[in-house]
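S.K.: Pasting a structure below so you can have a look.
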Amino acid sequence: MDPKDIKKEYTNGSVTVVWQSGKCIHSGNCVRNNPEVFQPKEKPWINIEGSSTEKIISTVDKCPSGALTYYKNK
Ligand code: SF4
């Protein structure tokens with residue numbers, strides 16, 4: 001695995017977004033669909049508190065590469 005391929009998780013308590021950098025094809029869908037959360041110029045680039053859980057899930061579902069996935073917290 002490329003050392004630049006990182007896997008990180010971001011949670012707001014009800015949903016956890018999983019980010020796998022090596023899979024990203026830079027389509028920009030996430031940023032277009034939800035710029036309040038997906039902010040590539042910021043660190044960390046995912047501001048998980050930036051929108052509702054529902055909107056986060058629908059945005060992650062539109063990631064074409066599988067770089068973004070999510071699971072629901074218990
Ligand atoms: S939608 Fe997925 S593939 Fe496209 S830029 Fe965002 S993380 Fe990368």
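Each chain of the structure tokens is named A, B, ... in the order shown, its residues numbered from 1; ligands are numbered from 1 in display order.
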Using only C-alpha atoms and all ligand atoms, which protein or nucleic acid residues are at most 6 Å from ligand 1, as a compact mmCIF listing (two decimals) with N, CA and C atoms, in the first residue's frame?

M.R.:
```
# COMPACT_ATOMS: atom_id res chain seq x y z
N CYS A 24 -9.67 7.63 -4.14
CA CYS A 24 -10.32 8.84 -4.68
C CYS A 24 -9.89 9.08 -6.13
N ILE A 25 -10.87 9.32 -7.00
CA ILE A 25 -10.58 9.64 -8.40
C ILE A 25 -10.80 11.13 -8.69
N HIS A 26 -10.99 11.89 -7.62
CA HIS A 26 -11.09 13.36 -7.72
C HIS A 26 -12.20 13.81 -8.65
N SER A 27 -13.32 13.14 -8.56
CA SER A 27 -14.48 13.55 -9.36
C SER A 27 -15.05 14.87 -8.88
N GLY A 28 -14.83 15.18 -7.61
CA GLY A 28 -15.37 16.41 -7.04
C GLY A 28 -16.84 16.33 -6.64
N ASN A 29 -17.46 15.18 -6.79
CA ASN A 29 -18.88 15.05 -6.43
C ASN A 29 -19.15 15.47 -4.99
N CYS A 30 -18.29 15.02 -4.08
CA CYS A 30 -18.53 15.29 -2.66
C CYS A 30 -18.53 16.79 -2.40
N CYS A 63 -20.43 9.22 -4.09
CA CYS A 63 -18.99 9.08 -4.38
C CYS A 63 -18.82 7.91 -5.34
N PRO A 64 -18.27 8.15 -6.54
CA PRO A 64 -18.21 7.10 -7.55
C PRO A 64 -17.11 6.06 -7.34
N SER A 65 -16.16 6.34 -6.47
CA SER A 65 -14.97 5.49 -6.39
C SER A 65 -14.94 4.56 -5.19
N ALA A 67 -14.12 5.81 -2.32
CA ALA A 67 -13.19 6.45 -1.38
C ALA A 67 -13.91 6.90 -0.12
N LEU A 68 -15.18 7.30 -0.29
CA LEU A 68 -16.00 7.67 0.85
C LEU A 68 -17.04 6.58 1.09
```

S.K.: Can you tell me, as a list in words, which residues in stretch 6-41 of chain A count as helix (DSSP H, G or I) by DSSP?

M.R.: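 Filtering stretch 6-41 of chain A down to helix (DSSP H, G or I) leaves Ser21, Gly22, Lys23, Asn29, Cys30, Val31, Arg32 and Asn33 of chain A.
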
S.K.: For stretch 33-46 of chain A, work out the shell of residues within 12 Å, counting only C-alpha atoms and skipping chain neighbours fewer than 5 positions away, then give it as a PyMOL selection string.

M.R.: chain A and resi 8-12+16-19+21+26-28+51-63+68

S.K.: Rounded to one decimal place, report the atom CA of A:Lys74-atom CA of A:Arg32 distance in Å.

M.R.: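 Separation of atom CA of A:Lys74 and atom CA of A:Arg32: 29.0 Å.
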
S.K.: Interatomic distance between atom CA of A:Thr69 and atom CA of A:Glu49?

M.R.: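 So the answer is 16.6 Å.
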